[in-house]
>>> print(open('upload_34.cif').read())   # mmCIF, C-alpha atoms, pLDDT in the B column; chains and numbers go by the auth columns
data_entry
loop_
_atom_site.group_PDB
_atom_site.id
_atom_site.type_symbol
_atom_site.label_atom_id
_atom_site.label_comp_id
_atom_site.label_asym_id
_atom_site.label_seq_id
_atom_site.Cartn_x
_atom_site.Cartn_y
_atom_site.Cartn_z
_atom_site.B_iso_or_equiv
_atom_site.auth_seq_id
_atom_site.auth_asym_id
ATOM 1 C CA MET A 1 126.471 118.535 48.068 87.00 1 P
ATOM 2 C CA PHE A 2 128.243 119.656 51.235 89.00 2 P
ATOM 3 C CA THR A 3 131.162 122.018 51.687 92.00 3 P
ATOM 4 C CA VAL A 4 134.190 120.995 53.738 92.00 4 P
ATOM 5 C CA HIS A 5 133.032 123.217 56.598 92.00 5 P
ATOM 6 C CA GLU A 6 129.564 121.653 56.574 92.00 6 P
ATOM 7 C CA VAL A 7 131.010 118.139 56.589 91.00 7 P
ATOM 8 C CA ALA A 8 133.382 119.003 59.422 90.00 8 P
ATOM 9 C CA LYS A 9 130.464 120.284 61.479 90.00 9 P
ATOM 10 C CA LEU A 10 128.263 117.265 60.674 87.00 10 P
ATOM 11 C CA ALA A 11 130.992 114.750 61.525 87.00 11 P
ATOM 12 C CA HIS A 12 132.337 116.622 64.587 85.00 12 P
ATOM 13 C CA THR A 13 135.785 116.728 63.068 87.00 13 P
ATOM 14 C CA THR A 14 137.995 119.523 61.704 91.00 14 P
ATOM 15 C CA VAL A 15 138.529 121.030 58.280 92.00 15 P
ATOM 16 C CA LYS A 16 142.245 120.355 58.713 92.00 16 P
ATOM 17 C CA THR A 17 141.507 116.654 59.245 92.00 17 P
ATOM 18 C CA LEU A 18 139.374 116.488 56.098 93.00 18 P
ATOM 19 C CA HIS A 19 142.108 118.236 54.126 93.00 19 P
ATOM 20 C CA HIS A 20 144.589 115.645 55.381 93.00 20 P
ATOM 21 C CA TYR A 21 142.281 112.764 54.421 93.00 21 P
ATOM 22 C CA HIS A 22 142.043 114.276 50.935 94.00 22 P
ATOM 23 C CA LYS A 23 145.814 114.710 50.686 93.00 23 P
ATOM 24 C CA ILE A 24 146.523 111.031 51.502 93.00 24 P
ATOM 25 C CA GLY A 25 143.721 109.771 49.272 93.00 25 P
ATOM 26 C CA LEU A 26 141.613 108.472 52.120 92.00 26 P
ATOM 27 C CA LEU A 27 138.593 110.692 51.449 93.00 27 P
ATOM 28 C CA ILE A 28 138.489 112.417 48.064 92.00 28 P
ATOM 29 C CA PRO A 29 135.572 114.853 47.583 93.00 29 P
ATOM 30 C CA GLU A 30 133.115 114.066 44.837 91.00 30 P
ATOM 31 C CA GLN A 31 133.795 117.447 43.258 88.00 31 P
ATOM 32 C CA THR A 32 136.361 120.197 43.463 87.00 32 P
ATOM 33 C CA THR A 33 135.295 123.542 41.986 85.00 33 P
ATOM 34 C CA GLU A 34 137.448 125.669 39.719 84.00 34 P
ATOM 35 C CA ALA A 35 138.056 127.891 42.724 86.00 35 P
ATOM 36 C CA GLY A 36 139.410 124.886 44.632 85.00 36 P
ATOM 37 C CA TYR A 37 136.448 124.360 46.967 88.00 37 P
ATOM 38 C CA ARG A 38 135.795 120.766 48.012 91.00 38 P
ATOM 39 C CA LEU A 39 132.234 119.453 47.684 92.00 39 P
ATOM 40 C CA TYR A 40 131.194 116.158 49.284 92.00 40 P
ATOM 41 C CA GLY A 41 128.322 113.875 48.269 90.00 41 P
ATOM 42 C CA LYS A 42 126.357 111.186 50.094 87.00 42 P
ATOM 43 C CA LYS A 43 128.897 108.453 49.259 88.00 43 P
ATOM 44 C CA ASP A 44 131.658 110.639 50.673 91.00 44 P
ATOM 45 C CA LEU A 45 129.748 111.044 53.936 90.00 45 P
ATOM 46 C CA GLU A 46 129.199 107.277 54.151 86.00 46 P
ATOM 47 C CA ARG A 47 132.923 106.704 53.619 88.00 47 P
ATOM 48 C CA LEU A 48 133.756 109.318 56.259 90.00 48 P
ATOM 49 C CA GLN A 49 131.473 107.505 58.687 86.00 49 P
ATOM 50 C CA GLN A 50 133.436 104.302 58.041 83.00 50 P
ATOM 51 C CA ILE A 51 136.736 106.140 58.503 88.00 51 P
ATOM 52 C CA LEU A 52 135.675 107.619 61.835 86.00 52 P
ATOM 53 C CA PHE A 53 134.377 104.264 63.078 80.00 53 P
ATOM 54 C CA TYR A 54 137.667 102.544 62.314 80.00 54 P
ATOM 55 C CA LYS A 55 139.629 105.488 63.707 81.00 55 P
ATOM 56 C CA GLU A 56 137.689 105.179 66.969 74.00 56 P
ATOM 57 C CA LEU A 57 138.857 101.560 67.087 72.00 57 P
ATOM 58 C CA HIS A 58 142.487 102.751 66.711 70.00 58 P
ATOM 59 C CA PHE A 59 143.002 101.449 63.170 75.00 59 P
ATOM 60 C CA PRO A 60 145.926 103.261 61.446 80.00 60 P
ATOM 61 C CA LEU A 61 144.839 105.516 58.574 86.00 61 P
ATOM 62 C CA LYS A 62 146.878 103.475 56.099 83.00 62 P
ATOM 63 C CA GLU A 63 145.052 100.310 57.132 79.00 63 P
ATOM 64 C CA ILE A 64 141.665 102.073 56.989 83.00 64 P
ATOM 65 C CA LYS A 65 142.403 103.131 53.410 86.00 65 P
ATOM 66 C CA GLN A 66 143.271 99.558 52.458 81.00 66 P
ATOM 67 C CA LEU A 67 140.047 98.294 54.013 79.00 67 P
ATOM 68 C CA LEU A 68 137.840 100.890 52.340 83.00 68 P
ATOM 69 C CA ASP A 69 139.504 100.789 48.927 82.00 69 P
ATOM 70 C CA GLY A 70 138.513 97.139 48.581 74.00 70 P
ATOM 71 C CA GLU A 71 134.987 96.162 47.641 62.00 71 P
ATOM 72 C CA ILE A 72 133.000 96.387 50.850 60.00 72 P
ATOM 73 C CA ASN A 73 129.459 95.427 51.741 65.00 73 P
ATOM 74 C CA ARG A 74 128.191 98.411 53.734 63.00 74 P
ATOM 75 C CA LYS A 75 125.720 96.365 55.765 70.00 75 P
ATOM 76 C CA ASN A 76 128.275 93.708 56.706 70.00 76 P
ATOM 77 C CA THR A 77 130.878 96.369 57.483 68.00 77 P
ATOM 78 C CA LEU A 78 128.472 98.159 59.830 69.00 78 P
ATOM 79 C CA ILE A 79 127.657 94.860 61.552 74.00 79 P
ATOM 80 C CA GLN A 80 131.382 94.174 62.013 68.00 80 P
ATOM 81 C CA GLN A 81 132.005 97.662 63.362 67.00 81 P
ATOM 82 C CA LYS A 82 129.046 97.376 65.708 74.00 82 P
ATOM 83 C CA TYR A 83 130.550 94.161 67.092 71.00 83 P
ATOM 84 C CA LEU A 84 133.995 95.767 67.515 70.00 84 P
ATOM 85 C CA LEU A 85 132.497 98.794 69.262 70.00 85 P
ATOM 86 C CA GLU A 86 130.486 96.555 71.608 72.00 86 P
ATOM 87 C CA GLN A 87 133.710 94.749 72.533 67.00 87 P
ATOM 88 C CA LYS A 88 135.344 98.108 73.222 67.00 88 P
ATOM 89 C CA ILE A 89 132.373 99.158 75.371 70.00 89 P
ATOM 90 C CA ASP A 90 132.695 95.933 77.370 66.00 90 P
ATOM 91 C CA ARG A 91 136.397 96.636 77.972 62.00 91 P
ATOM 92 C CA PHE A 92 135.639 100.164 79.148 65.00 92 P
ATOM 93 C CA LYS A 93 132.887 98.846 81.426 65.00 93 P
ATOM 94 C CA GLY A 94 135.490 96.539 82.956 62.00 94 P
ATOM 95 C CA LEU A 95 137.841 99.466 83.447 57.00 95 P
ATOM 96 C CA ILE A 96 135.108 101.602 84.994 62.00 96 P
ATOM 97 C CA LYS A 97 134.255 98.759 87.371 62.00 97 P
ATOM 98 C CA THR A 98 137.905 98.505 88.395 56.00 98 P
ATOM 99 C CA ILE A 99 138.207 102.275 88.893 57.00 99 P
ATOM 100 C CA ASN A 100 134.980 102.386 90.927 61.00 100 P
ATOM 101 C CA SER A 101 136.283 99.569 93.106 58.00 101 P
ATOM 102 C CA SER A 102 139.564 101.440 93.599 54.00 102 P
ATOM 103 C CA LEU A 103 137.715 104.650 94.496 58.00 103 P
ATOM 104 C CA LYS A 104 135.491 102.814 96.959 58.00 104 P
ATOM 105 C CA ASN A 105 138.485 101.220 98.660 54.00 105 P
ATOM 106 C CA ALA A 106 140.353 104.530 98.710 54.00 106 P
ATOM 107 C CA LYS A 107 137.412 106.303 100.365 56.00 107 P
ATOM 108 C CA GLU A 108 137.038 103.551 102.941 54.00 108 P
ATOM 109 C CA GLY A 109 140.765 103.347 103.597 55.00 109 P
ATOM 110 C CA VAL A 110 140.877 99.729 102.394 46.00 110 P
ATOM 111 C CA ASP A 111 143.722 98.461 100.211 48.00 111 P
ATOM 112 C CA ILE A 112 142.563 97.099 96.869 45.00 112 P
ATOM 113 C CA ASP A 113 143.404 93.414 96.408 48.00 113 P
ATOM 114 C CA MET A 114 145.925 92.522 93.726 45.00 114 P
ATOM 115 C CA GLU A 115 143.482 90.468 91.674 45.00 115 P
ATOM 116 C CA THR A 116 141.112 93.407 91.306 47.00 116 P
ATOM 117 C CA MET A 117 143.991 95.739 90.530 46.00 117 P
ATOM 118 C CA PHE A 118 144.793 93.952 87.280 45.00 118 P
ATOM 119 C CA LYS A 119 141.254 93.318 85.987 47.00 119 P
ATOM 120 C CA GLY A 120 140.109 94.982 82.788 44.00 120 P
ATOM 121 C CA PHE A 121 143.460 96.031 81.314 50.00 121 P
ATOM 122 C CA GLU A 122 143.316 94.583 77.820 51.00 122 P
ATOM 123 C CA THR A 123 144.949 97.195 75.582 52.00 123 P
ATOM 124 C CA GLU A 124 148.350 98.851 75.420 51.00 124 P
ATOM 125 C CA GLU A 125 146.735 102.229 76.164 59.00 125 P
ATOM 126 C CA GLU A 126 145.131 100.872 79.331 54.00 126 P
ATOM 127 C CA TRP A 127 148.427 99.408 80.531 47.00 127 P
ATOM 128 C CA GLN A 128 150.228 102.687 79.796 56.00 128 P
ATOM 129 C CA GLU A 129 147.680 104.482 81.970 57.00 129 P
ATOM 130 C CA VAL A 130 148.048 101.915 84.767 49.00 130 P
ATOM 131 C CA LEU A 131 151.842 102.215 84.701 51.00 131 P
ATOM 132 C CA LYS A 132 151.844 106.009 84.400 56.00 132 P
ATOM 133 C CA ASP A 133 152.677 106.727 88.058 55.00 133 P
ATOM 134 C CA GLN A 134 155.454 104.150 88.141 52.00 134 P
ATOM 135 C CA ASN A 135 156.954 105.425 84.871 55.00 135 P
ATOM 136 C CA GLU A 136 156.901 109.013 86.130 60.00 136 P
ATOM 137 C CA HIS A 137 158.624 107.913 89.335 48.00 137 P
ATOM 138 C CA LEU A 138 161.352 106.037 87.433 46.00 138 P
ATOM 139 C CA LYS A 139 161.922 108.984 85.113 55.00 139 P
ATOM 140 C CA LYS A 140 162.069 111.505 87.952 59.00 140 P
ATOM 141 C CA GLU A 141 164.244 109.518 90.350 52.00 141 P
ATOM 142 C CA TYR A 142 166.422 107.494 87.971 47.00 142 P
ATOM 143 C CA ASP A 143 166.111 109.237 84.579 52.00 143 P
ATOM 144 C CA PHE A 144 164.757 105.946 83.198 47.00 144 P
ATOM 145 C CA ASP A 145 161.826 106.352 80.792 48.00 145 P
ATOM 146 C CA LEU A 146 159.623 103.335 79.964 47.00 146 P
ATOM 147 C CA SER A 147 156.664 105.298 78.629 51.00 147 P
ATOM 148 C CA ASN A 148 157.766 105.069 74.981 55.00 148 P
ATOM 149 C CA LYS A 149 158.345 101.330 75.003 55.00 149 P
ATOM 150 C CA THR A 150 155.831 99.116 73.187 53.00 150 P
ATOM 151 C CA ILE A 151 153.771 96.907 75.469 48.00 151 P
ATOM 152 C CA ASP A 152 152.896 93.342 74.481 52.00 152 P
ATOM 153 C CA VAL A 153 149.434 93.200 76.050 48.00 153 P
ATOM 154 C CA GLU A 154 149.164 89.402 76.177 59.00 154 P
ATOM 155 C CA SER A 155 152.618 89.026 77.678 58.00 155 P
ATOM 156 C CA MET A 156 151.939 91.846 80.141 59.00 156 P
ATOM 157 C CA ASN A 157 148.713 90.215 81.276 62.00 157 P
ATOM 158 C CA ASP A 158 150.522 86.890 81.805 68.00 158 P
ATOM 159 C CA SER A 159 153.261 88.645 83.772 70.00 159 P
ATOM 160 C CA ALA A 160 150.679 90.528 85.855 71.00 160 P
ATOM 161 C CA MET A 161 148.923 87.278 86.740 75.00 161 P
ATOM 162 C CA GLU A 162 152.219 85.682 87.770 81.00 162 P
ATOM 163 C CA ALA A 163 153.224 88.766 89.789 81.00 163 P
ATOM 164 C CA GLN A 164 149.851 88.671 91.521 80.00 164 P
ATOM 165 C CA SER A 165 150.147 84.954 92.263 85.00 165 P
ATOM 166 C CA PHE A 166 153.754 85.236 93.471 89.00 166 P
ATOM 167 C CA ASN A 167 153.066 88.164 95.790 88.00 167 P
ATOM 168 C CA GLU A 168 149.946 86.536 97.201 89.00 168 P
ATOM 169 C CA ASP A 169 151.912 83.343 97.931 92.00 169 P
ATOM 170 C CA MET A 170 154.795 85.250 99.541 92.00 170 P
ATOM 171 C CA ILE A 171 152.438 87.317 101.690 92.00 171 P
ATOM 172 C CA GLN A 172 150.623 84.168 102.769 92.00 172 P
ATOM 173 C CA PHE A 173 153.961 82.594 103.760 93.00 173 P
ATOM 174 C CA LEU A 174 154.752 85.685 105.830 92.00 174 P
ATOM 175 C CA GLN A 175 151.338 85.687 107.498 91.00 175 P
ATOM 176 C CA ASP A 176 151.635 81.967 108.281 90.00 176 P
ATOM 177 C CA GLY A 177 154.963 82.525 109.991 92.00 177 P
ATOM 178 C CA PHE A 178 157.192 80.729 107.461 93.00 178 P
ATOM 179 C CA SER A 179 160.899 81.498 107.751 93.00 179 P
ATOM 180 C CA PRO A 180 162.626 83.051 104.693 94.00 180 P
ATOM 181 C CA ASN A 181 164.648 79.867 104.145 93.00 181 P
ATOM 182 C CA ASN A 182 161.685 77.477 104.292 95.00 182 P
ATOM 183 C CA SER A 183 161.816 74.957 101.417 94.00 183 P
ATOM 184 C CA LYS A 184 158.280 75.818 100.229 95.00 184 P
ATOM 185 C CA VAL A 185 159.138 79.510 100.125 95.00 185 P
ATOM 186 C CA LEU A 186 162.362 78.893 98.193 96.00 186 P
ATOM 187 C CA ASP A 187 160.615 76.540 95.774 95.00 187 P
ATOM 188 C CA ARG A 188 158.075 79.266 94.957 94.00 188 P
ATOM 189 C CA VAL A 189 160.923 81.691 94.230 95.00 189 P
ATOM 190 C CA LYS A 190 162.478 79.103 91.910 94.00 190 P
ATOM 191 C CA LYS A 191 159.221 78.778 89.961 92.00 191 P
ATOM 192 C CA HIS A 192 158.864 82.552 89.759 91.00 192 P
ATOM 193 C CA LEU A 193 162.368 83.059 88.355 92.00 193 P
ATOM 194 C CA ALA A 194 161.763 80.215 85.881 90.00 194 P
ATOM 195 C CA PHE A 195 158.640 82.029 84.675 85.00 195 P
ATOM 196 C CA LEU A 196 160.615 85.244 84.144 85.00 196 P
ATOM 197 C CA GLU A 197 163.266 83.302 82.213 84.00 197 P
ATOM 198 C CA LYS A 198 160.574 81.769 80.007 81.00 198 P
ATOM 199 C CA LYS A 199 159.163 85.227 79.301 74.00 199 P
ATOM 200 C CA ASP A 200 162.600 86.436 78.160 69.00 200 P
ATOM 201 C CA HIS A 201 163.066 88.467 81.328 71.00 201 P
ATOM 202 C CA PRO A 202 166.116 86.663 82.751 62.00 202 P
ATOM 203 C CA SER A 203 166.363 87.099 86.502 78.00 203 P
ATOM 204 C CA THR A 204 169.230 85.374 88.268 89.00 204 P
ATOM 205 C CA PRO A 205 169.124 84.835 92.044 91.00 205 P
ATOM 206 C CA GLN A 206 171.516 87.775 92.372 91.00 206 P
ATOM 207 C CA ASP A 207 169.243 89.931 90.177 89.00 207 P
ATOM 208 C CA PHE A 208 166.306 89.008 92.388 90.00 208 P
ATOM 209 C CA LEU A 209 168.242 89.942 95.532 92.00 209 P
ATOM 210 C CA ASN A 210 169.320 93.254 93.986 90.00 210 P
ATOM 211 C CA GLN A 211 165.716 93.991 93.093 87.00 211 P
ATOM 212 C CA THR A 212 164.478 93.378 96.627 91.00 212 P
ATOM 213 C CA GLU A 213 167.246 95.590 98.022 90.00 213 P
ATOM 214 C CA HIS A 214 166.065 98.317 95.640 85.00 214 P
ATOM 215 C CA PHE A 215 162.512 97.891 96.935 86.00 215 P
ATOM 216 C CA ILE A 216 163.728 98.655 100.475 88.00 216 P
ATOM 217 C CA VAL A 217 165.382 101.967 99.591 83.00 217 P
ATOM 218 C CA ASP A 218 162.917 103.105 96.921 79.00 218 P
ATOM 219 C CA ASP A 219 159.941 104.897 98.487 80.00 219 P
ATOM 220 C CA PHE A 220 157.508 104.194 95.625 77.00 220 P
ATOM 221 C CA HIS A 221 157.960 100.414 95.581 77.00 221 P
ATOM 222 C CA ARG A 222 158.430 100.016 99.350 85.00 222 P
ATOM 223 C CA ASP A 223 155.200 101.891 100.061 83.00 223 P
ATOM 224 C CA MET A 224 153.331 99.790 97.499 80.00 224 P
ATOM 225 C CA LEU A 225 154.549 96.486 98.994 85.00 225 P
ATOM 226 C CA GLU A 226 153.964 97.615 102.566 87.00 226 P
ATOM 227 C CA LYS A 227 150.376 98.572 101.745 84.00 227 P
ATOM 228 C CA TRP A 228 149.791 94.971 100.737 82.00 228 P
ATOM 229 C CA GLN A 229 151.353 93.635 103.930 87.00 229 P
ATOM 230 C CA VAL A 230 153.387 95.344 106.648 87.00 230 P
ATOM 231 C CA GLY A 231 156.897 93.883 106.715 91.00 231 P
ATOM 232 C CA TYR A 232 156.561 92.321 103.262 91.00 232 P
ATOM 233 C CA THR A 233 159.416 94.348 101.714 91.00 233 P
ATOM 234 C CA TYR A 234 161.914 93.113 104.278 92.00 234 P
ATOM 235 C CA PHE A 235 160.597 89.544 104.245 93.00 235 P
ATOM 236 C CA LEU A 236 161.005 89.417 100.460 93.00 236 P
ATOM 237 C CA ASN A 237 164.578 90.656 100.780 93.00 237 P
ATOM 238 C CA LYS A 238 165.393 87.936 103.342 94.00 238 P
ATOM 239 C CA VAL A 239 163.780 85.342 101.070 95.00 239 P
ATOM 240 C CA ALA A 240 165.924 86.488 98.132 94.00 240 P
ATOM 241 C CA ALA A 241 169.098 86.321 100.235 94.00 241 P
ATOM 242 C CA SER A 242 168.167 82.829 101.467 94.00 242 P
ATOM 243 C CA TYR A 243 167.475 81.627 97.934 95.00 243 P
ATOM 244 C CA LEU A 244 170.830 82.891 96.677 93.00 244 P
ATOM 245 C CA SER A 245 172.624 81.145 99.575 93.00 245 P
ATOM 246 C CA SER A 246 170.717 77.906 98.973 92.00 246 P
ATOM 247 C CA ILE A 247 172.035 77.471 95.427 86.00 247 P
ATOM 248 C CA LYS A 248 175.659 78.312 96.114 68.00 248 P
#
>>> encode(input="upload_34.cif", output="structure tokens")
Amino acid sequence: MFTVHEVAKLAHTTVKTLHHYHKIGLLIPEQTTEAGYRLYGKKDLERLQQILFYKELHFPLKEIKQLLDGEINRKNTLIQQKYLLEQKIDRFKGLIKTINSSLKNAKEGVDIDMETMFKGFETEEEWQEVLKDQNEHLKKEYDFDLSNKTIDVESMNDSAMEAQSFNEDMIQFLQDGFSPNNSKVLDRVKKHLAFLEKKDHPSTPQDFLNQTEHFIVDDFHRDMLEKWQVGYTYFLNKVAASYLSSIK
């Protein structure tokens, strides 16, 4: 039998955590002495291992309890957890690859391409980290806090891909010398706004123009766009104005 302090040390957790698990019925010690000391057996340690595995995978404690209170096959559960952890490792490897690429480009003074910028972000936590600088800027400059809002990862990934595609197309138009009122340019804007509408992010032509005007005066967004392509901020604003005029 193991005391609560021994179990905490073995599992690299805290006594307070084990007390909490006991309180909510997630991990009940095999014995409790008359003096109130908790004593854990082998089965308790196996259950704690399961708890910590699922906790590492961000399962809520309530859901972990439901999973473990059912009849479980330990071997099959370990196989499942091994698979989930391997998936998590793969995601982190993707993130590390992205970060290494960003560091390399930063050291060499090369701007990271937009496709690389959005690779590997597959969880809400990863997106929160990616958007941290922007959220801090919005909170500081405009008292507008997005950090507590829930992120739909699948929707965010779709939006990121569209943003990447739209910006790449617009930059290519600028580099090829297209005028802001060129029919191909305006058609791409139409498709972009239709995508936003479909994603329940309505953006009227006037909204789009207002956004591009904000990009010009806002240091954070202007610097970001200008790093992708010098003059892009102003070109995008002219495109938005042309699109609004074309539909009136």
>>> atom_distance(input="upload_34.cif", atom1="atom CA of Leu57 of chain P", atom2="atom CA of Leu85 of chain P")
7.3 Å
>>> residues_around(input="upload_34.cif", residues="segment 164-180 of chain P", least_positions_apart="3", cutoff="7 Å", atoms="all atoms listed in the file", output="PyMOL selection string")
chain P and resi 114-115+160-161+185+192+229+232+235+238-239+242
>>> resolve_selection(input="upload_34.cif", expression="the PyMOL selection byres ((chain P and resi 49) around 12)", output="ChimeraX atom specification")
/P:7-8,10-13,27,42-48,50-56,64,68,74,77-78,81
>>> closest_residue(input="upload_34.cif", among="P:Asn210, P:Ile24, P:His221, P:Thr233", to="Lys62 of chain P", atoms="all atoms listed in the file")
P:Ile24
>>> closest_residue(input="upload_34.cif", among="P:Leu84, P:Leu61, P:Leu67, P:Ala35", to="Tyr21 of chain P", atoms="all atoms listed in the file")
P:Leu61
>>> closest_residue(input="upload_34.cif", among="P:Ile247, P:Ala194, P:Ile89, P:Val15", to="Thr3 of chain P", atoms="only C-alpha atoms")
P:Val15
